[in-house]
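Here's the structure, in structure tokens; my notes come after.
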Amino acid sequence: MRHLATVAAGIAAVVLLTGCGAGDAGKAPAPTPKSGASATPGFDSSFEVEAALKNADPAPYSAEITAETYVGSTLTVVMAGRMNFNGSAPTGKLTLTTSDSLPEDQAFKAETILLEDATYSRTLDADGVSGEWQRMGLDSSSAGVADYGAYAQLLLDLGPKARKGPEEVDGTPAYRLSGNLTKDQLRTVDRPVYDRMRATSTKEFACDVWVNESGRVVRFEQWLKVSGNSAHNVVTLKNFSDPVPVSAPE
């Protein structure tokens with residue numbers, strides 16, 4: 001696996017497994033129909049994003065999640081699966097795959113199972129033959145899927161400047177919040193990212209969150225730099241349902 005694929009995999013892990021990544025990022029540009037989100041002139045003006053977040057159902061649920069990583073303008077890695085949220089910790093199964101835009105000798109695929117107390121990962125070759133599962137215990141620096149609702153609340157707390165208004169995400173009405181978050185704001189919300197920002201002397205980063213009328217985050221974007229490469233990560237969450245069973249591999 002050469003440099004670009006390695007960087008892309010690292011960036012993908014940052015966005016999905018630790019929330020917003022620690023890196024220098026510029027102001028988030030407005031979304032376009034090409035990116036899956038667009039302005040919605042006919043949006044119900046009675047929608048209150050603050051009330052939606054406050055009144056969101058606290059019961060455990062699952063969501064189909066996809067994270068796309070772009071290095072420059074090139075799609076490099078896609079992470080996808082179904083995750084459980086609102087439990088004691090997010091759990092689920094994910095697959096990481098390089099895109100067809102990368103050379104064949106840089107292509108790879110991996111699977112990850114996230115449990116409350118550990119993660120398990122293995123690689124898959126081109127023929128679908130899998131490697132051995134590798135177990136990693138969890139601590140304050142371990143990977144764990146972010147609480148995107150908490151990020152939405154942080155952006156909401158920035159005040160009117162973060163409220164960008166109603167938009168449509170994949171045909172669903174949502175409200176976009178956008179802004180820069182500082183290291184200190186993440187101290188109690190996302191400790192792994194806080195620790196990484198502190199270690200790299202990163203002060204802030206830019207991210208956007210889209211919240212639907214049920215108070216669920218349906219889209220999350222971030223802009224960052226990793227190993228000198230500008231990157232854009234796009235996370236979508238959809239098909240919300242009851243929690244799904246997740247267990248350690250045999």
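FYI, nothing fancy with the structure tokens labels: chains A, B, ... in order, residues from 1 per chain, ligands from 1 as they appear.
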- Using only C-alpha atoms, determine which residues lie at most 9 Å from Leu53 of chain A, disregarding the query and same-chain residues fewer than 3 positions distant; provide the list as a ChimeraX atom specification. /A:48-50,56,149,152-153,211-216
- Task: Please run DSSP on the backbone and report, as a ChimeraX atom specification, all residues within segment 12-248 of chain A that come out as strand (DSSP E or B).
- Result: /A:37-39,61-71,74-85,91-98,109-114,118-124,130,134-137,163-169,172-182,204-212,217-226,229-241
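The closest residue to Gly72 of chain A, picked from A:Pro243, A:Pro192, A:Gly228, A:Pro249 and counting only C-alpha atoms, is A:Gly228.
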- Task: Please report, as number ranges by chain, each residue of segment 45-246 of chain A to which DSSP assigns helix (DSSP H, G or I) when run on this structure's backbone.
- Result: A: 49-54, 104-106, 148-156, 160-162, 184-186, 191-199
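Using only C-alpha atoms for every distance, the candidate list A:Ala206, A:Ile65, A:Leu237, A:Leu177 yields A:Leu177 as the residue closest to Lys161 of chain A.
In terms of minimum interatomic distance to Cys207 of chain A, A:Tyr148 ranks closest within A:Tyr61, A:Tyr194, A:Tyr148, A:Phe240, counting only C-alpha atoms.
In this model, the gap between atom CA of Val234 of chain A and atom CA of Leu102 of chain A comes to 18.4 Å.
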- Message: As an exercise, work out the distance from atom CA of Asn86 of chain A to atom CA of Thr188 of chain A in Å and give it to one decimal place.
- Response: 16.6 Å
- Tell me which of A:Trp223, A:Trp133, A:Trp210, A:Phe205 sits closest to Ala52 of chain A, counting only C-alpha atoms. A:Trp210
